[in-house]
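Structure file run.txt; described as compact mmCIF, C-alpha atoms.
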```txt
# COMPACT_ATOMS: atom_id res chain seq x y z
CA MET E 1 9.85 -8.84 5.61
CA TYR E 2 7.68 -10.60 3.02
CA SER E 3 8.76 -13.84 4.67
CA GLU E 4 5.44 -15.56 3.95
CA LEU E 5 5.69 -14.92 0.23
CA THR E 6 9.35 -15.87 0.28
CA ALA E 7 8.47 -19.15 1.99
CA LEU E 8 5.74 -19.71 -0.58
CA ALA E 9 8.24 -19.13 -3.39
CA ARG E 10 10.65 -21.58 -1.78
CA VAL E 11 8.00 -24.31 -1.76
CA VAL E 12 6.23 -23.80 -5.09
CA GLY E 13 9.14 -22.38 -7.09
CA ALA E 14 9.13 -20.02 -10.05
CA ASN E 15 6.47 -21.94 -11.97
CA GLY E 16 4.16 -22.04 -8.97
CA ILE E 17 4.49 -18.29 -8.56
CA ARG E 18 3.67 -17.91 -12.25
CA ILE E 19 0.51 -20.02 -11.84
CA ILE E 20 -0.60 -17.74 -9.01
CA ASP E 21 0.41 -14.72 -11.05
CA ARG E 22 -1.66 -15.94 -13.97
CA LYS E 23 -4.77 -16.00 -11.81
CA VAL E 24 -3.96 -12.61 -10.29
CA LEU E 25 -3.48 -11.22 -13.79
CA LYS E 26 -6.98 -12.41 -14.68
CA VAL E 27 -8.31 -10.33 -11.80
CA ILE E 28 -6.24 -7.37 -12.96
CA VAL E 29 -7.65 -7.75 -16.48
CA SER E 30 -11.19 -7.63 -15.08
CA PHE E 31 -10.34 -4.46 -13.11
CA VAL E 32 -8.85 -2.80 -16.17
CA THR E 33 -11.84 -3.83 -18.30
CA ASP E 34 -14.23 -2.25 -15.80
CA MET E 35 -12.18 0.95 -15.72
CA LYS E 36 -12.06 1.03 -19.50
CA GLU E 37 -15.85 0.72 -19.64
CA VAL E 38 -16.24 3.72 -17.32
CA LEU E 39 -13.84 5.75 -19.45
CA SER E 40 -15.61 4.70 -22.66
CA SER E 41 -19.00 5.67 -21.29
CA ASN E 42 -17.58 9.10 -20.35
CA GLU E 43 -15.51 9.56 -23.50
CA GLU E 44 -17.52 12.46 -24.84
CA VAL E 45 -17.52 14.35 -21.54
CA LEU E 46 -13.80 13.78 -21.02
CA GLU E 47 -12.97 15.06 -24.49
CA ARG E 48 -15.07 18.12 -23.80
CA LEU E 49 -13.20 18.54 -20.51
CA THR E 50 -9.79 18.53 -22.20
CA SER E 51 -10.83 21.32 -24.55
CA SER E 52 -12.51 23.48 -21.93
CA TYR E 53 -10.35 23.17 -18.85
CA LYS E 54 -9.71 26.95 -18.82
CA SER E 55 -13.32 27.79 -18.12
CA GLU E 56 -14.27 27.00 -14.54
CA ALA E 57 -18.02 26.91 -15.13
CA GLU E 58 -17.72 24.61 -18.11
CA CYS E 59 -15.30 22.36 -16.23
CA ASN E 60 -17.73 22.09 -13.34
CA SER E 61 -20.57 21.17 -15.66
CA CYS E 62 -18.39 18.52 -17.29
CA LEU E 63 -17.34 17.10 -13.94
CA ALA E 64 -20.94 17.02 -12.77
CA SER E 65 -21.98 15.04 -15.80
CA LEU E 66 -19.35 12.34 -15.29
CA SER E 67 -20.80 9.01 -14.26
CA GLY E 68 -19.30 6.04 -12.43
CA VAL E 69 -16.49 8.04 -10.87
CA ASP E 70 -16.70 6.25 -7.50
CA SER E 71 -16.58 2.87 -9.19
CA PHE E 72 -13.61 4.00 -11.29
CA PHE E 73 -11.60 5.10 -8.28
CA SER E 74 -12.43 2.03 -6.21
CA LYS E 75 -11.30 -0.14 -9.12
CA ALA E 76 -8.16 1.96 -9.49
CA VAL E 77 -7.31 1.51 -5.81
CA ALA E 78 -7.96 -2.25 -6.07
CA LEU E 79 -5.82 -2.40 -9.18
CA GLY E 80 -2.97 -0.64 -7.40
CA ALA E 81 -3.20 -3.07 -4.48
CA ALA E 82 -3.23 -6.05 -6.86
CA LEU E 83 -0.17 -4.74 -8.68
CA GLN E 84 1.53 -4.17 -5.34
CA PHE E 85 0.75 -7.75 -4.39
CA ARG E 86 2.37 -8.95 -7.63
CA ALA E 87 5.45 -6.87 -6.94
CA LEU E 88 5.72 -8.31 -3.41
CA MET E 89 5.26 -11.82 -4.73
CA TYR E 90 8.07 -11.44 -7.26
CA GLU E 91 10.30 -9.82 -4.68
CA GLY E 92 9.70 -12.89 -2.54
CA LEU E 93 10.63 -15.11 -5.48
CA GLY E 94 13.82 -13.17 -6.08
CA ARG E 95 14.73 -13.40 -2.42
CA ALA E 96 14.00 -17.13 -2.32
CA THR E 97 16.17 -17.70 -5.37
CA GLN E 98 18.93 -15.64 -3.84
CA GLN E 99 18.77 -17.72 -0.65
CA LEU E 100 18.49 -21.15 -2.28
CA THR E 101 20.80 -20.70 -5.24
CA PRO E 102 22.97 -17.63 -4.60
CA LEU E 103 25.52 -18.64 -7.19
CA VAL E 104 22.93 -18.92 -9.96
CA TYR E 105 21.24 -15.72 -8.86
CA ASN E 106 24.44 -13.69 -8.78
CA ASN E 107 25.63 -15.10 -12.09
CA VAL E 108 22.37 -14.30 -13.85
CA TYR E 109 22.35 -10.87 -12.28
CA ALA E 110 25.92 -10.20 -13.47
CA PHE E 111 24.99 -11.62 -16.86
CA THR E 112 22.04 -9.25 -17.27
CA GLN E 113 24.19 -6.28 -16.30
CA GLN E 114 26.27 -6.83 -19.44
CA TYR E 115 23.30 -6.42 -21.76
CA PRO E 116 21.24 -3.38 -22.64
CA PRO E 117 17.85 -3.06 -20.89
CA ASN E 118 14.55 -4.25 -22.38
CA PHE E 119 15.94 -7.29 -24.13
CA ALA E 120 13.07 -9.52 -23.01
CA PHE E 121 11.51 -9.85 -26.45
CA ASP E 122 14.73 -9.92 -28.43
CA PRO E 123 15.15 -13.38 -30.04
CA ALA E 124 18.92 -13.13 -29.73
CA PHE E 125 18.67 -13.05 -25.92
CA LYS E 126 15.98 -15.70 -25.54
CA VAL E 127 18.02 -17.93 -23.24
CA CYS E 128 19.03 -14.98 -21.11
CA SER E 129 15.39 -13.89 -20.84
CA ARG E 130 14.37 -17.35 -19.74
CA LEU E 131 17.06 -17.35 -17.06
CA VAL E 132 16.03 -13.93 -15.80
CA ARG E 133 12.39 -14.96 -15.64
CA SER E 134 13.23 -18.10 -13.72
CA VAL E 135 15.57 -16.42 -11.28
CA ARG E 136 13.74 -13.09 -11.25
CA THR E 137 16.77 -10.97 -10.65
CA HIS E 138 15.20 -7.82 -12.06
CA GLU E 139 12.85 -6.89 -14.87
CA MET L 140 3.53 -45.62 -2.45
CA LEU L 141 5.73 -43.16 -0.56
CA ALA L 142 5.40 -40.67 -3.40
CA GLN L 143 1.63 -40.89 -3.17
CA GLN L 144 1.84 -40.52 0.61
CA PHE L 145 3.93 -37.40 0.16
CA LYS L 146 1.40 -35.89 -2.26
CA THR L 147 -1.45 -36.70 0.12
CA PHE L 148 0.54 -35.12 2.92
CA LEU L 149 0.99 -31.94 0.87
CA GLU L 150 -2.73 -31.74 0.10
CA ARG L 151 -3.68 -32.34 3.71
CA GLU L 152 -1.25 -29.83 5.16
CA ILE L 153 -2.07 -26.92 2.87
CA SER L 154 -5.78 -26.81 3.64
CA ILE L 155 -6.78 -26.03 7.20
CA GLU L 156 -10.42 -25.19 6.46
CA SER L 157 -12.50 -24.37 3.40
CA GLY L 158 -11.25 -21.27 1.63
CA THR L 159 -8.21 -20.88 3.87
CA ILE L 160 -4.75 -22.28 3.45
CA GLN L 161 -1.98 -22.93 5.89
CA ARG L 162 0.52 -20.11 6.32
CA PRO L 163 3.37 -20.65 3.84
CA THR L 164 6.06 -20.57 6.55
CA VAL L 165 4.25 -23.28 8.53
CA PHE L 166 3.62 -25.29 5.38
CA GLU L 167 7.26 -25.03 4.35
CA ARG L 168 8.44 -26.15 7.79
CA ARG L 169 6.15 -29.20 7.72
CA VAL L 170 7.29 -30.12 4.23
CA GLN L 171 10.87 -29.87 5.43
CA VAL L 172 10.11 -32.12 8.39
CA PHE L 173 8.47 -34.73 6.19
CA SER L 174 11.32 -34.51 3.69
CA SER L 175 13.84 -35.02 6.50
CA PHE L 176 11.89 -38.08 7.60
CA LEU L 177 12.01 -39.53 4.08
CA LEU L 178 15.71 -38.81 3.80
CA SER L 179 16.37 -40.51 7.12
CA LEU L 180 14.53 -43.59 5.83
CA GLU L 181 17.25 -43.97 3.22
CA ASP L 182 19.53 -45.26 6.00
CA TYR L 183 17.25 -48.23 6.62
CA ILE L 184 15.56 -49.12 3.34
CA SER L 185 16.55 -48.79 -0.28
CA ILE L 186 14.58 -45.84 -1.64
CA ASP L 187 15.38 -42.76 -3.68
CA ALA L 188 14.01 -40.16 -1.29
CA ASN L 189 15.33 -37.22 -3.27
CA HIS L 190 13.45 -38.39 -6.34
CA ILE L 191 10.23 -38.84 -4.35
CA ILE L 192 10.46 -35.34 -2.86
CA THR L 193 11.46 -33.64 -6.09
CA SER L 194 8.86 -35.35 -8.26
CA ALA L 195 6.06 -34.65 -5.78
CA LEU L 196 6.95 -30.98 -5.45
CA LEU L 197 7.51 -30.48 -9.17
CA SER L 198 4.27 -32.25 -10.08
CA MET L 199 2.43 -29.50 -8.20
CA THR L 200 3.41 -26.92 -10.78
CA GLN L 201 3.30 -28.84 -14.04
CA ARG L 202 1.39 -27.00 -16.72
CA ALA L 203 1.34 -27.43 -20.48
CA TYR L 204 2.27 -23.81 -21.12
CA PHE L 205 5.57 -24.20 -19.26
CA GLU L 206 6.69 -26.84 -21.73
CA THR L 207 6.57 -24.56 -24.77
CA PRO L 208 9.63 -22.56 -25.84
CA ASP L 209 7.56 -19.37 -25.93
CA LEU L 210 8.63 -17.20 -23.00
CA LEU L 211 5.22 -15.67 -22.45
CA ALA L 212 3.10 -18.73 -23.15
CA TRP L 213 2.03 -18.84 -19.50
CA ALA L 214 0.55 -15.36 -19.76
CA GLU L 215 -1.29 -15.83 -23.05
CA GLY L 216 -5.05 -16.16 -23.19
CA ILE L 217 -5.53 -14.91 -19.67
CA ALA L 218 -8.87 -13.31 -20.41
CA SER L 219 -10.33 -16.14 -22.45
CA ASP L 220 -8.63 -19.50 -21.95
CA GLU L 221 -9.98 -21.14 -18.81
CA SER L 222 -9.06 -24.68 -19.76
CA ALA L 223 -5.33 -24.00 -19.43
CA ASP L 224 -5.72 -23.79 -15.65
CA SER L 225 -7.72 -26.96 -15.25
CA SER L 226 -5.77 -29.50 -13.28
CA LYS L 227 -5.44 -33.19 -13.71
CA ALA L 228 -7.25 -35.20 -11.09
CA GLY L 229 -5.34 -35.22 -7.81
CA GLN L 230 -2.17 -33.85 -9.31
CA LEU L 231 -2.31 -30.08 -9.11
CA LYS L 232 -4.56 -29.62 -6.15
CA VAL L 233 -2.10 -27.90 -3.83
CA ILE L 234 -1.03 -25.08 -6.11
CA ASP L 235 -4.64 -24.53 -7.17
CA MET L 236 -5.71 -24.08 -3.56
CA ILE L 237 -2.87 -21.63 -2.95
CA ALA L 238 -3.64 -19.71 -6.14
CA ASP L 239 -7.37 -19.60 -5.36
CA PHE L 240 -6.69 -18.25 -1.88
CA TYR L 241 -4.50 -15.41 -3.12
CA THR L 242 -6.85 -14.68 -6.04
CA TYR L 243 -9.78 -14.41 -3.64
CA PHE L 244 -7.69 -12.10 -1.48
CA VAL L 245 -6.83 -9.82 -4.42
CA GLU L 246 -10.26 -9.95 -6.07
CA TRP L 247 -12.61 -9.64 -3.12
CA ARG L 248 -10.84 -8.58 0.05
CA LEU L 249 -8.65 -5.81 -1.33
CA PRO L 250 -11.41 -3.91 -3.22
CA LEU L 251 -13.62 -3.95 -0.12
CA GLY L 252 -10.89 -2.36 1.96
CA ALA L 253 -10.50 -5.39 4.24
CA ALA L 254 -6.74 -5.11 3.88
CA LEU L 255 -4.50 -2.17 3.14
CA TYR L 256 -0.99 -2.07 1.79
CA SER L 257 1.55 -0.67 4.19
CA PRO L 258 4.62 0.66 2.35
CA SER L 259 6.62 1.01 5.56
CA LYS L 260 6.03 -2.62 6.57
CA ARG L 261 5.93 -3.86 2.98
CA CYS L 262 2.91 -6.04 3.61
CA PHE L 263 -0.88 -5.97 3.67
CA VAL L 264 -2.44 -5.23 7.05
CA SER L 265 -5.98 -5.89 8.16
CA GLN L 266 -8.16 -5.25 11.16
CA ALA L 267 -10.51 -8.14 10.56
CA ALA L 268 -10.14 -11.56 12.20
CA PHE L 269 -7.21 -10.46 14.30
CA ASN L 270 -5.28 -13.37 15.69
CA ALA L 271 -2.04 -12.19 17.18
CA GLU L 272 -0.68 -15.59 18.04
CA GLN L 273 -0.79 -16.78 14.46
CA TYR L 274 0.03 -13.76 12.39
CA CYS L 275 1.52 -10.94 14.39
CA SER L 276 5.23 -10.40 14.23
CA ILE L 277 7.27 -9.56 17.31
CA GLY L 278 7.89 -6.08 15.95
CA TYR L 279 4.19 -5.54 15.53
CA ALA L 280 3.47 -6.85 19.02
CA ARG L 281 5.96 -4.35 20.45
CA PHE L 282 4.34 -1.61 18.41
CA THR L 283 0.88 -2.58 19.69
CA VAL L 284 2.08 -2.49 23.30
CA TRP L 285 3.73 0.87 22.67
CA HIS L 286 0.50 2.17 21.15
CA ALA L 287 -1.58 0.91 24.08
CA THR L 288 0.66 2.68 26.58
CA HIS L 289 1.30 5.92 24.70
CA CYS L 290 -1.76 6.51 22.51
CA SER L 291 -4.64 5.06 24.53
CA ASN L 292 -6.74 8.24 24.15
CA ALA L 293 -6.16 8.63 20.42
CA ASN L 294 -9.63 7.93 19.12
CA SER L 295 -10.48 11.15 17.35
CA SER L 296 -9.19 10.44 13.90
CA LEU L 297 -10.33 7.49 11.82
CA SER L 298 -7.10 7.37 9.89
CA LEU L 299 -5.07 7.44 13.08
CA SER L 300 -7.01 4.60 14.65
CA LEU L 301 -6.83 2.65 11.42
CA SER L 302 -3.10 3.02 11.12
CA LEU L 303 -2.37 2.35 14.77
CA SER L 304 -4.87 -0.34 15.57
CA PRO L 305 -3.61 -3.89 16.08
CA ALA L 306 -3.53 -5.48 12.70
CA HIS L 307 -2.28 -8.79 11.40
CA THR L 308 -0.21 -9.28 8.34
CA VAL L 309 -2.08 -11.12 5.64
CA CYS L 310 0.75 -11.89 3.30
CA THR L 311 3.84 -11.48 5.36
CA ALA L 312 4.97 -11.80 8.91
CA SER L 313 8.32 -10.18 9.22
```
Please, can you express the file's structure as structure tokens?
Amino acid sequence: MYSELTALARVVGANGIRIIDRKVLKVIVSFVTDMKEVLSSNEEVLERLTSSYKSEAECNSCLASLSGVDSFFSKAVALGAALQFRALMYEGLGRATQQLTPLVYNNVYAFTQQYPPNFAFDPAFKVCSRLVRSVRTHE
Amino acid sequence: MLAQQFKTFLEREISIESGTIQRPTVFERRVQVFSSFLLSLEDYISIDANHIITSALLSMTQRAYFETPDLLAWAEGIASDESADSSKAGQLKVIDMIADFYTYFVEWRLPLGAALYSPSKRCFVSQAAFNAEQYCSIGYARFTVWHATHCSNANSSLSLSLSLSPAHTVCTAS
């Protein structure tokens, strides 16, 4: 499974995957921006909907006045697929690292198990964060 | 000269036609073959083949934001900074082609429904441009044969035909 992305990670390495990820993230940003625009344009109707969800008739009128719903959902589906692609890509990177440098991978994995979660932005664990990002054991 | 040859080889092997790249497994195998050839040359002439291979492969992914100590420098300015991705002439062509291919896939093919994510197969599957010889896995070929023999009259449901039709894996071939 995900052998193509694993092979890609073996050739281009962690930095290559990050370059691809950077471009994919740009696409994700554009999707999110479009979705945010739809939500902003419907802000008033959505706020009215939250306050009147008990009344069926009022809810229906609110739902009828929503605009750009199809676009919103198509963007949401595309966003989910893009995020899934990212997850697959990083799984491939982790697998490639595990295959090429199992000792490094297992050591970094054991190392991260000793620390509390969400230490990525903690200055005290900067070196550890860099190792985890390079090896991509888990994050 | 050999280093330049190796870079040229990488650029030539990754692109098979405009907008399409070679499958990563095939590309990796060819890189391995060329690397083996360079390493075997070490027996006959005095060269540092390991240095040639390593420098050529690493030069593909050199970017200024990887040199900074900031952990998230590579992800900064994604929405605005376009110049950070610009490559030096002839140096970063391979990774750019790969990145452009996958970006096009995510930006244009996925939203149009040309490919769907299959959680059970953990890959993206597509009906378009089916080419079994290149992309289909042996498991998928068995499944297609099983479907042809057992479900040949299953054409009533769109979802059923979509899920059971012969599809090729876009990103993976297990």
- Using only C-alpha atoms, which of the listed residues (L:Arg202, L:Thr164, L:Thr288, L:Ser265) sits closest to chain E?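 When distances to chain E are compared using only C-alpha atoms, the smallest one comes from L:Thr164.
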Which residues of chain L come within 8 Å of chain E, and for each one, what is the closest pair of atoms and their distance in Å to one decimal, counting all atoms listed in the file, sorted by chain and residue number, as a Markdown table?
```
| residue | atom | partner | partner_atom | distance |
| --- | --- | --- | --- | --- |
| L:Arg162 | CA | E:Glu4 | CA | 7.1 |
| L:Pro163 | CA | E:Leu8 | CA | 5.1 |
| L:Thr164 | CA | E:Ala7 | CA | 5.3 |
| L:Glu167 | CA | E:Val11 | CA | 6.2 |
| L:Leu196 | CA | E:Val12 | CA | 7.2 |
| L:Leu197 | CA | E:Val12 | CA | 7.9 |
| L:Met199 | CA | E:Val12 | CA | 7.5 |
| L:Thr200 | CA | E:Gly16 | CA | 5.3 |
| L:Gln201 | CA | E:Asn15 | CA | 7.9 |
| L:Phe205 | CA | E:Asn15 | CA | 7.7 |
| L:Leu210 | CA | E:Arg130 | CA | 6.6 |
| L:Trp213 | CA | E:Arg22 | CA | 7.3 |
| L:Ala214 | CA | E:Arg22 | CA | 6.2 |
| L:Ile217 | CA | E:Lys26 | CA | 5.8 |
| L:Ala218 | CA | E:Lys26 | CA | 6.1 |
| L:Ile234 | CA | E:Gly16 | CA | 6.7 |
| L:Ile237 | CA | E:Ile20 | CA | 7.6 |
| L:Ala238 | CA | E:Ile20 | CA | 4.6 |
| L:Asp239 | CA | E:Lys23 | CA | 7.8 |
| L:Tyr241 | CA | E:Ile20 | CA | 7.4 |
| L:Thr242 | CA | E:Val24 | CA | 5.5 |
| L:Val245 | CA | E:Ala82 | CA | 5.8 |
| L:Glu246 | CA | E:Val27 | CA | 6.1 |
| L:Leu249 | CA | E:Ala78 | CA | 6.0 |
| L:Pro250 | CA | E:Ala78 | CA | 4.8 |
| L:Leu255 | CA | E:Ala81 | CA | 7.8 |
| L:Tyr256 | CA | E:Ala81 | CA | 6.7 |
| L:Lys260 | CA | E:Met1 | CA | 7.4 |
| L:Arg261 | CA | E:Met1 | CA | 6.9 |
| L:Cys262 | CA | E:Tyr2 | CA | 6.6 |
| L:Cys310 | CA | E:Glu4 | CA | 6.0 |
| L:Thr311 | CA | E:Tyr2 | CA | 4.6 |
| L:Ala312 | CA | E:Ser3 | CA | 6.0 |
| L:Ser313 | CA | E:Met1 | CA | 4.1 |
```
- Message: List the spatial neighbours of E:Leu66 as a list in words - criterion: any atom at most 9 Å away, all atoms listed in the file, same-chain residues fewer than 5 positions off excluded.
- Response: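 What passes the distance filter is Ser41, Asn42, Val45, Leu46 and Ser61 of chain E.
Computed from the coordinates, the atom CA of L:Gly158 to atom CA of L:Phe244 distance equals 10.3 Å.
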- atom CA of E:Ser51 to atom CA of E:Ser67: how many Å, to one decimal?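 Taking atom CA of E:Ser51 and atom CA of E:Ser67, their separation equals 18.9 Å.
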- Distance of atom CA of L:Val264 from atom CA of L:Gly252, expressed in Å to one decimal place: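 Atom-to-atom, atom CA of L:Gly252 to atom CA of L:Val264, that is 10.3 Å.
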- Item | Nearest to E:Arg48 by atom-to-atom distance, counting all atoms listed in the file, from E:Asn107, E:Asn60, E:Gln98, E:Thr33 | E:Asn60
- Nearest to L:Lys146, restricted to only C-alpha atoms and choosing among L:Ala195, L:Val170, L:Arg248, L:Glu181, comes out as L:Ala195
- Item | Residues within 10 Å of L:Gln171, only C-alpha atoms, excluding chain neighbours under 6 positions, as a list in words |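 Once the nearby chain positions are removed, what remains is Val11 of chain E; Val165, Leu177 and Ile192 of chain L.
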Include C-alpha atoms and write out the residues we just selected as a PDB file, in the coordinates of the input.
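File produced: part.pdb:
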```pdb
ATOM      1  CA  VAL E  11       8.000 -24.310  -1.760  1.00  0.00           C
TER       2      VAL E  11
ATOM      3  CA  VAL L 165       4.250 -23.280   8.530  1.00  0.00           C
ATOM      4  CA  LEU L 177      12.010 -39.530   4.080  1.00  0.00           C
ATOM      5  CA  ILE L 192      10.460 -35.340  -2.860  1.00  0.00           C
TER       6      ILE L 192
END
```
